[in-house]
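Text of the file my_file_19.cif, holding mmCIF, C-alpha atoms:
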data_model
loop_
_atom_site.label_atom_id
_atom_site.label_comp_id
_atom_site.auth_asym_id
_atom_site.auth_seq_id
_atom_site.Cartn_x
_atom_site.Cartn_y
_atom_site.Cartn_z
CA MET X 1 165.05 115.04 72.66
CA LYS X 2 163.55 111.84 71.22
CA ILE X 3 164.18 110.05 74.54
CA CYS X 4 162.44 112.90 76.37
CA TYR X 5 159.34 112.62 74.16
CA THR X 6 159.32 108.85 74.66
CA LEU X 7 159.41 109.22 78.44
CA ILE X 8 156.58 111.76 78.33
CA LEU X 9 154.51 109.40 76.17
CA VAL X 10 155.13 106.46 78.53
CA PHE X 11 154.21 108.61 81.52
CA PHE X 12 151.02 109.76 79.76
CA ILE X 13 150.03 106.17 78.99
CA ILE X 14 150.61 105.13 82.60
CA VAL X 15 148.51 108.05 83.91
CA VAL X 16 145.66 107.37 81.50
CA LYS X 17 145.75 103.66 82.29
CA SER X 18 145.61 104.36 86.03
CA GLN X 19 142.61 106.65 85.57
CA ILE X 20 140.42 104.27 83.59
CA GLY X 21 141.40 100.76 84.68
CA PHE X 22 142.97 98.53 87.27
CA ASP X 23 145.37 95.58 87.10
CA VAL X 24 143.66 92.76 88.99
CA MET X 25 145.47 89.84 90.61
CA TYR X 26 142.83 88.80 93.17
CA GLU X 27 139.22 89.64 93.96
CA ALA X 28 137.49 89.59 97.35
CA ASP X 29 133.70 90.00 97.39
CA TYR X 30 131.82 91.35 100.41
CA LYS X 31 128.23 91.46 101.57
CA LEU X 32 127.16 94.58 103.47
CA THR X 33 124.24 94.43 105.90
CA TYR X 34 123.27 97.92 107.02
CA LYS X 35 120.72 100.27 108.57
CA ASP X 36 120.76 103.71 106.99
CA GLN X 37 118.18 105.21 109.36
CA THR X 38 118.38 105.98 113.08
CA ILE X 39 114.62 105.50 113.64
CA ASN X 40 112.48 102.60 112.38
CA ALA X 41 115.48 101.27 110.47
CA VAL X 42 114.97 98.42 108.02
CA THR X 43 117.95 96.11 107.50
CA GLN X 44 119.20 96.21 103.92
CA GLU X 45 121.91 94.42 101.95
CA ASP X 46 124.35 95.25 99.20
CA ALA X 47 127.49 93.68 97.74
CA PHE X 48 130.94 94.93 96.74
CA ALA X 49 134.01 93.80 94.84
CA LEU X 50 137.51 94.49 96.15
CA LEU X 51 140.05 94.24 93.32
CA ILE X 52 143.59 93.62 94.53
CA ASN X 53 147.15 93.63 93.28
CA GLU X 54 150.47 93.76 95.10
CA LYS X 55 150.50 97.52 95.65
CA GLU X 56 146.92 98.77 95.70
CA SER X 57 143.25 97.90 95.82
CA TYR X 58 140.09 99.14 94.14
CA TYR X 59 136.70 98.89 95.85
CA LYS X 60 133.46 99.09 93.91
CA ASN X 61 129.78 98.37 94.39
CA MET X 62 128.92 95.07 92.71
CA LYS X 63 125.92 96.51 90.85
CA LYS X 64 128.06 99.35 89.48
CA TYR X 65 130.79 96.84 88.67
CA ILE X 66 128.33 94.89 86.49
CA GLU X 67 126.69 97.98 85.01
CA ASP X 68 129.98 99.62 84.05
CA SER X 69 131.24 96.38 82.51
CA LEU X 70 128.11 96.25 80.36
CA LYS X 71 128.53 99.91 79.41
CA TYR X 72 132.15 99.34 78.45
CA GLU X 73 131.08 96.43 76.26
CA LYS X 74 128.33 98.72 74.82
CA ARG X 75 125.60 96.28 75.78
CA ILE X 76 123.81 99.08 77.63
CA ASN X 77 124.23 102.87 77.65
CA ASP X 78 123.17 105.95 79.62
CA ARG X 79 119.92 106.08 77.67
CA THR X 80 118.94 102.56 78.70
CA ASP X 81 115.32 102.03 79.68
CA PHE X 82 114.58 103.20 83.26
CA ARG X 83 113.45 99.72 84.32
CA GLU X 84 116.73 98.28 83.12
CA GLY X 85 118.80 100.96 84.81
CA ILE X 86 117.03 100.63 88.17
CA LYS X 87 118.55 97.14 88.55
CA TYR X 88 121.91 98.79 89.12
CA ALA X 89 120.78 101.50 91.55
CA THR X 90 122.68 101.66 94.84
CA ASP X 91 123.16 103.96 97.82
CA PHE X 92 126.90 103.31 97.57
CA SER X 93 128.25 104.72 94.33
CA GLU X 94 131.79 105.32 95.65
CA ASN X 95 134.75 103.89 93.80
CA ILE X 96 137.65 103.78 96.28
CA GLY X 97 141.24 103.40 95.15
CA THR X 98 143.62 102.58 98.00
CA THR X 99 147.37 103.13 97.95
CA ASN X 100 149.79 103.17 100.85
CA GLY X 101 149.58 106.93 101.24
CA LYS X 102 146.16 108.03 99.97
CA LEU X 103 142.56 107.09 99.27
CA TYR X 104 141.12 108.22 95.94
CA VAL X 105 137.32 108.39 95.91
CA THR X 106 134.98 109.03 92.97
CA LEU X 107 131.21 109.08 93.39
CA GLN X 108 127.97 110.35 91.93
CA PHE X 109 125.17 112.51 93.29
CA SER X 110 122.21 113.62 91.16
CA ASN X 111 123.96 112.33 88.04
CA LYS X 112 126.98 114.54 88.77
CA GLY X 113 130.44 113.09 89.26
CA PHE X 114 132.80 114.16 92.05
CA LYS X 115 136.16 113.05 93.34
CA TYR X 116 138.23 113.71 96.43
CA GLU X 117 141.40 112.49 98.07
CA GLU X 118 142.16 111.82 101.71
CA SER X 119 145.10 110.60 103.73
CA ASN X 120 145.24 106.85 104.21
CA HIS X 121 145.82 106.77 107.95
CA ILE X 122 144.21 104.32 110.39
CA ASN X 123 145.41 103.84 113.95
CA TRP X 124 144.74 100.14 114.58
CA GLN X 125 144.92 98.36 117.93
CA LEU X 126 145.65 94.66 117.46
CA LEU X 127 144.11 92.43 120.12
CA ASN X 128 145.18 88.99 121.29
CA GLU X 129 141.85 87.49 120.18
CA PHE X 130 141.46 84.95 117.41
CA LYS X 131 138.70 83.02 115.63
CA ARG X 132 138.20 81.05 112.45
CA ILE X 133 136.18 82.40 109.56
CA GLY X 134 135.72 79.57 107.13
CA LYS X 135 139.16 78.04 106.62
CA TYR X 136 141.06 81.14 107.75
CA LYS X 137 142.52 81.90 111.17
CA CYS X 138 141.68 85.52 111.94
CA GLN X 139 142.86 88.09 114.48
CA LYS X 140 140.83 90.94 115.92
CA ALA X 141 141.70 94.63 115.56
CA VAL X 142 139.82 97.79 116.53
CA THR X 143 139.96 101.46 115.58
CA LYS X 144 137.98 104.68 115.87
CA LYS X 145 137.39 106.12 112.44
CA TYR X 146 134.77 108.30 110.75
CA GLY X 147 132.84 108.81 113.99
CA ARG X 148 132.42 105.12 114.79
CA LYS X 149 134.31 102.43 116.65
CA TRP X 150 135.12 99.64 114.20
CA ILE X 151 135.92 95.99 114.92
CA VAL X 152 137.58 93.93 112.20
CA TRP X 153 138.89 90.40 111.77
CA PHE X 154 141.83 89.93 109.42
CA THR X 155 143.85 86.92 108.31
CA GLU X 156 147.57 86.68 107.62
CA ASP X 157 146.74 83.59 105.53
CA ILE X 158 145.91 86.11 102.77
CA PRO X 159 148.85 88.54 103.07
CA PHE X 160 147.30 91.62 101.45
CA PRO X 161 146.85 94.73 103.64
CA PHE X 162 143.41 95.61 102.26
CA GLY X 163 139.75 95.29 103.16
CA PRO X 164 136.23 96.52 102.44
CA TYR X 165 135.42 100.21 102.12
CA LYS X 166 138.40 102.30 103.35
CA PHE X 167 139.73 99.79 105.87
CA ASN X 168 143.29 98.58 105.27
CA LYS X 169 146.89 98.62 106.58
CA LEU X 170 146.70 95.41 108.62
CA PRO X 171 149.05 92.40 108.19
CA GLY X 172 146.44 90.53 106.16
CA LEU X 173 143.14 90.78 104.33
CA ILE X 174 140.12 91.90 106.37
CA LEU X 175 137.35 89.29 106.23
CA GLU X 176 134.86 90.97 108.59
CA ALA X 177 134.34 94.60 109.62
CA TYR X 178 131.53 96.13 111.67
CA ASP X 179 130.85 99.11 113.89
CA GLU X 180 130.15 98.52 117.57
CA LYS X 181 126.40 99.13 117.09
CA LYS X 182 126.41 96.71 114.13
CA GLU X 183 124.64 99.18 111.91
CA TYR X 184 127.14 98.41 109.14
CA ILE X 185 128.49 94.86 108.82
CA PHE X 186 130.86 93.73 106.05
CA SER X 187 131.44 89.99 105.50
CA MET X 188 133.66 88.49 102.81
CA TYR X 189 131.90 85.68 100.96
CA SER X 190 134.34 84.99 98.13
CA PHE X 191 138.08 85.24 97.49
CA ARG X 192 139.73 84.07 94.31
CA LYS X 193 142.69 84.60 92.06
CA ARG X 194 142.07 86.79 89.02
CA LYS X 195 144.45 87.93 86.28
CA TYR X 196 143.14 90.65 84.00
CA PHE X 197 143.10 94.39 83.40
CA CYS X 198 139.70 95.77 84.43
CA ARG X 199 139.17 98.55 81.90
CA SER X 200 135.76 99.47 83.33
CA ALA X 201 137.00 100.01 86.90
CA ASN X 202 136.31 103.74 86.75
CA MET X 203 133.91 104.90 84.05
CA GLN X 204 133.45 108.35 85.61
CA ASP X 205 135.75 110.43 83.44
CA LYS X 206 133.90 113.74 83.88
CA VAL X 207 134.16 114.49 87.58
CA THR X 208 134.75 117.60 89.67
CA LEU X 209 137.60 117.61 92.17
CA VAL X 210 136.34 118.85 95.54
CA LYS X 211 137.34 118.78 99.19
CA LYS X 212 135.75 115.97 101.15
CA SER X 213 134.17 118.51 103.48
CA LYS X 214 132.22 119.98 100.57
CA ILE X 215 130.36 116.76 99.81
CA PHE X 216 130.26 115.19 103.27
CA ASP X 217 126.61 116.17 103.85
CA TYR X 218 125.61 116.21 100.18
CA GLN X 219 123.64 112.98 100.31
CA ARG X 220 121.55 114.10 103.28
CA LYS X 221 120.65 117.27 101.40
CA GLU X 222 119.96 115.35 98.21
CA ILE X 223 117.43 113.09 99.94
CA ALA X 224 115.28 116.10 100.84
CA ASP X 225 115.87 118.03 97.61
CA PRO X 226 112.46 118.92 96.08
CA ASN X 227 113.99 119.04 92.60
CA SER X 228 114.49 115.26 92.83
CA TYR X 229 110.72 114.78 92.84
CA ASN X 230 109.26 117.77 90.98
CA LYS X 231 110.32 116.32 87.64
CA LEU X 232 108.73 112.93 88.34
CA ILE X 233 105.54 113.72 90.29
CA THR X 234 102.88 116.16 89.12
CA ASP X 235 100.13 115.50 91.68
CA PRO X 236 100.53 118.19 94.43
CA GLU X 237 99.13 116.01 97.23
CA THR X 238 101.39 113.09 96.40
CA LEU X 239 104.37 115.41 96.06
CA GLN X 240 103.70 116.97 99.47
CA PHE X 241 103.47 113.53 101.12
CA ILE X 242 106.71 112.31 99.52
CA MET X 243 108.51 115.54 100.42
CA LYS X 244 107.47 115.17 104.06
CA LYS X 245 108.74 111.58 104.13
CA SER X 246 112.01 112.52 102.44
CA GLN X 247 112.63 115.30 104.97
CA GLU X 248 112.05 112.83 107.81
CA ARG X 249 114.47 110.41 106.15
CA ALA X 250 117.07 113.15 105.79
CA ARG X 251 116.81 114.00 109.50
CA ASN X 252 117.21 110.34 110.47
CA TYR X 253 119.87 109.55 107.89
CA ASN X 254 122.56 107.25 109.27
CA PRO X 255 125.56 107.27 106.88
CA ILE X 256 128.52 104.97 107.25
CA GLU X 257 130.69 108.00 108.02
CA LEU X 258 129.43 110.16 110.90
CA SER X 259 132.50 112.41 110.77
CA ILE X 260 135.07 113.27 108.14
CA GLU X 261 138.02 111.63 109.92
#
Target format structure tokens, applied to this file:
Amino acid sequence: MKICYTLILVFFIIVVKSQIGFDVMYEADYKLTYKDQTINAVTQEDAFALLINEKESYYKNMKKYIEDSLKYEKRINDRTDFREGIKYATDFSENIGTTNGKLYVTLQFSNKGFKYEESNHINWQLLNEFKRIGKYKCQKAVTKKYGRKWIVWFTEDIPFPFGPYKFNKLPGLILEAYDEKKEYIFSMYSFRKRKYFCRSANMQDKVTLVKKSKIFDYQRKEIADPNSYNKLITDPETLQFIMKKSQERARNYNPIELSIE
């Protein structure tokens, strides 16, 4: 009986540890250049950290990575001044855990946390095309995923089957990834060895488990949600103008995923 309790305790510790942190061996950092509108799009940039160990990876927006580290260290909190908090605002709040079989995604909309799981399946076509990116020899691969055709360049010089966003399962780390229209372009700018347990990897402990289909169009709806502005703007004329613009933006919204699969 004592052995049974010990095993349960060990299992509980492992589960809790996996929920709140990540064992890091290497880190790859990526710049994303993107256009989130189909009309009059303005090119924007963001950055992401890909935390890696031998069996899995964890992908996180760089601003959220910094913000959550500061929250864990109690240097800032959820009541931090608005001007301080805006520094960490991003359109990409997803935390993506990648294992061989599944993708585990947590994200926030309207200060509410959600999570969903999806199968980790990508049908890659490897091409006999090569180029150098920095000091690495890279090979080209293509796939159709999430409503877009994606082109990636990976290197077997870094033998980890991971990459930015949800792209993985190639014989080496993905250094570049972009859709054929080049509306979303990921480029690795840093790769280095790390050895630590990132306790602030996932700070979203109060989340609702949902099907991916339930939140797929949530962001488009959120952009045009009048409740997002009613609390901040009291002038009716200004509110009407902003609502009109937000509805236009929602209609022209160009997310990274155009379809669920």
- request: Give me, please, the distance in Å between CA of Asp179 (chain X) and CA of Leu258 (chain X), quoted to one decimal.
  value: 11.5 Å
- request: On this file, the PyMOL selection byres ((chain X and resi 90-92) around 10) gives some set of residues; write that set as a list of chain:residue names.
  value: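 Checked against the file, the PyMOL selection byres ((chain X and resi 90-92) around 10) matches X:Asp36, X:Asp46, X:Ala47, X:Phe48, X:Lys60, X:Asn61, X:Met62, X:Lys63, X:Lys64, X:Ile86, X:Lys87, X:Tyr88, X:Ala89, X:Ser93, X:Glu94, X:Asn95, X:Leu107, X:Gln108, X:Phe109, X:Gln219, X:Pro255, X:Ile256.
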- request: List, as a PyMOL selection string, every residue that the PyMOL selection byres ((chain X and resi 30) around 10) selects in the file provided.
  value: chain X and resi 27-29+31-33+46-50+61-62+163-165+175-176+185-191
- prompt: Which distance in Å separates CA of Asp157 (chain X) and CA of Tyr136 (chain X), to one decimal?
  reply: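 Between CA of Asp157 (chain X) and CA of Tyr136 (chain X) the gap is 6.6 Å.
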- request: Give as a list in words the set of residues within 10 Å of the point (140.6, 105.5, 99.0), where distances use the file's coordinates and only C-alpha atoms.
  value: Glu56, Ser57, Tyr58, Tyr59, Glu94, Asn95, Ile96, Gly97, Thr98, Thr99, Asn100, Gly101, Lys102, Leu103, Tyr104, Val105, Thr106, Tyr116, Glu117, Glu118, Ser119, Asn120, Tyr165, Lys166, Phe167 and Asn168 of chain X
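Closest approach to Thr143 (chain X) from the set X:Gln125, X:Thr155, X:Gln37, X:Thr208 is made by X:Gln125, with distances taken over only C-alpha atoms.
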field: Among the residues X:Ile66, X:Glu73, X:Phe114, X:Ala41, the one that comes closest to Lys214 (chain X) [using only C-alpha atoms]
entry: X:Phe114
message: To one decimal place in Å, what is the distance between CA of Trp150 (chain X) and CA of Tyr184 (chain X)?
response: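 Going from CA of Trp150 (chain X) over to CA of Tyr184 (chain X) covers 9.5 Å.
Minimum distance to Lys35 (chain X) across X:Asn252, X:Ser259, X:Asn53, X:Ser246 (counting only C-alpha atoms) occurs at X:Asn252.
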Listed atoms of region 181-199 of chain X boxed axis-aligned with 8 Å per side, centre + edges as JSON:
{"center_x": 134.5, "center_y": 91.6, "center_z": 99.5, "size_x": 35.8, "size_y": 31.1, "size_z": 51.2}
Selected residue of minimal separation from Ile215 (chain X) among X:Lys149, X:Ile260, X:Tyr72, X:Ile39, counting all atoms listed in the file: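 That would be X:Ile260, the residue with the smallest distance to Ile215 (chain X).
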field: All residues 8 Å or closer to Phe154 (chain X), only C-alpha atoms, same chain fewer than 3 positions away omitted, as a PyMOL selection string
entry: chain X and resi 138-141+170-176
- request: Identify which of the residues X:Gln240, X:Asn77, X:Asn111, X:Ser69 lies closest to Gly21 (chain X), counting all atoms listed in the file when measuring atom-to-atom distances.
  value: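 Smallest separation from Gly21 (chain X) among the options: X:Ser69.
Among the candidate residues X:Leu70, X:Glu129, X:Thr238, X:Asp217, the one lying nearest to Tyr253 (chain X) is X:Asp217, with distances computed using all atoms listed in the file.
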task: Might you spell out which residues the PyMOL selection byres ((chain X and resi 197) around 7) would select in the displayed file, as a ChimeraX atom specification?
output: /X:21-24,196,198-199
For region 158-174 of chain X in the structure I just supplied, write out N, CA and C atoms - as a PDB file, in the first residue's frame.
ATOM      1  N   ILE X 158      21.076  20.486 -36.930  1.00  0.00           N
ATOM      2  CA  ILE X 158      20.465  20.597 -35.600  1.00  0.00           C
ATOM      3  C   ILE X 158      19.371  19.529 -35.556  1.00  0.00           C
ATOM      4  N   PRO X 159      19.687  18.338 -35.056  1.00  0.00           N
ATOM      5  CA  PRO X 159      18.809  17.167 -35.225  1.00  0.00           C
ATOM      6  C   PRO X 159      17.622  17.110 -34.265  1.00  0.00           C
ATOM      7  N   PHE X 160      16.838  18.181 -34.223  1.00  0.00           N
ATOM      8  CA  PHE X 160      15.609  18.194 -33.442  1.00  0.00           C
ATOM      9  C   PHE X 160      14.432  18.384 -34.392  1.00  0.00           C
ATOM     10  N   PRO X 161      13.387  17.539 -34.301  1.00  0.00           N
ATOM     11  CA  PRO X 161      12.289  17.585 -35.268  1.00  0.00           C
ATOM     12  C   PRO X 161      11.228  18.628 -34.948  1.00  0.00           C
ATOM     13  N   PHE X 162      11.660  19.854 -34.635  1.00  0.00           N
ATOM     14  CA  PHE X 162      10.728  20.889 -34.216  1.00  0.00           C
ATOM     15  C   PHE X 162      10.877  22.137 -35.082  1.00  0.00           C
ATOM     16  N   GLY X 163      10.007  23.112 -34.835  1.00  0.00           N
ATOM     17  CA  GLY X 163      10.057  24.353 -35.589  1.00  0.00           C
ATOM     18  C   GLY X 163       9.090  25.360 -35.019  1.00  0.00           C
ATOM     19  N   PRO X 164       8.960  26.521 -35.667  1.00  0.00           N
ATOM     20  CA  PRO X 164       8.071  27.560 -35.156  1.00  0.00           C
ATOM     21  C   PRO X 164       6.606  27.164 -35.304  1.00  0.00           C
ATOM     22  N   TYR X 165       5.781  27.772 -34.480  1.00  0.00           N
ATOM     23  CA  TYR X 165       4.343  27.541 -34.478  1.00  0.00           C
ATOM     24  C   TYR X 165       4.063  26.050 -34.309  1.00  0.00           C
ATOM     25  N   LYS X 166       3.293  25.424 -35.194  1.00  0.00           N
ATOM     26  CA  LYS X 166       2.939  24.011 -35.070  1.00  0.00           C
ATOM     27  C   LYS X 166       3.698  23.130 -36.056  1.00  0.00           C
ATOM     28  N   PHE X 167       4.735  23.672 -36.680  1.00  0.00           N
ATOM     29  CA  PHE X 167       5.460  22.929 -37.702  1.00  0.00           C
ATOM     30  C   PHE X 167       6.565  22.081 -37.067  1.00  0.00           C
ATOM     31  N   ASN X 168       6.581  20.789 -37.405  1.00  0.00           N
ATOM     32  CA  ASN X 168       7.556  19.874 -36.822  1.00  0.00           C
ATOM     33  C   ASN X 168       7.565  18.574 -37.620  1.00  0.00           C
ATOM     34  N   LYS X 169       8.218  17.554 -37.071  1.00  0.00           N
ATOM     35  CA  LYS X 169       8.285  16.213 -37.665  1.00  0.00           C
ATOM     36  C   LYS X 169       9.099  16.159 -38.958  1.00  0.00           C
ATOM     37  N   LEU X 170      10.160  16.928 -39.019  1.00  0.00           N
ATOM     38  CA  LEU X 170      11.143  16.828 -40.098  1.00  0.00           C
ATOM     39  C   LEU X 170      12.459  16.333 -39.494  1.00  0.00           C
ATOM     40  N   PRO X 171      13.424  15.904 -40.314  1.00  0.00           N
ATOM     41  CA  PRO X 171      14.664  15.327 -39.765  1.00  0.00           C
ATOM     42  C   PRO X 171      15.629  16.337 -39.164  1.00  0.00           C
ATOM     43  N   GLY X 172      15.170  17.546 -38.925  1.00  0.00           N
ATOM     44  CA  GLY X 172      16.016  18.569 -38.323  1.00  0.00           C
ATOM     45  C   GLY X 172      15.203  19.806 -38.007  1.00  0.00           C
ATOM     46  N   LEU X 173      15.821  20.732 -37.315  1.00  0.00           N
ATOM     47  CA  LEU X 173      15.136  21.958 -36.891  1.00  0.00           C
ATOM     48  C   LEU X 173      14.778  22.825 -38.093  1.00  0.00           C
ATOM     49  N   ILE X 174      13.574  23.397 -38.072  1.00  0.00           N
ATOM     50  CA  ILE X 174      13.123  24.302 -39.128  1.00  0.00           C
ATOM     51  C   ILE X 174      13.670  25.699 -38.848  1.00  0.00           C
TER      52      ILE X 174
END
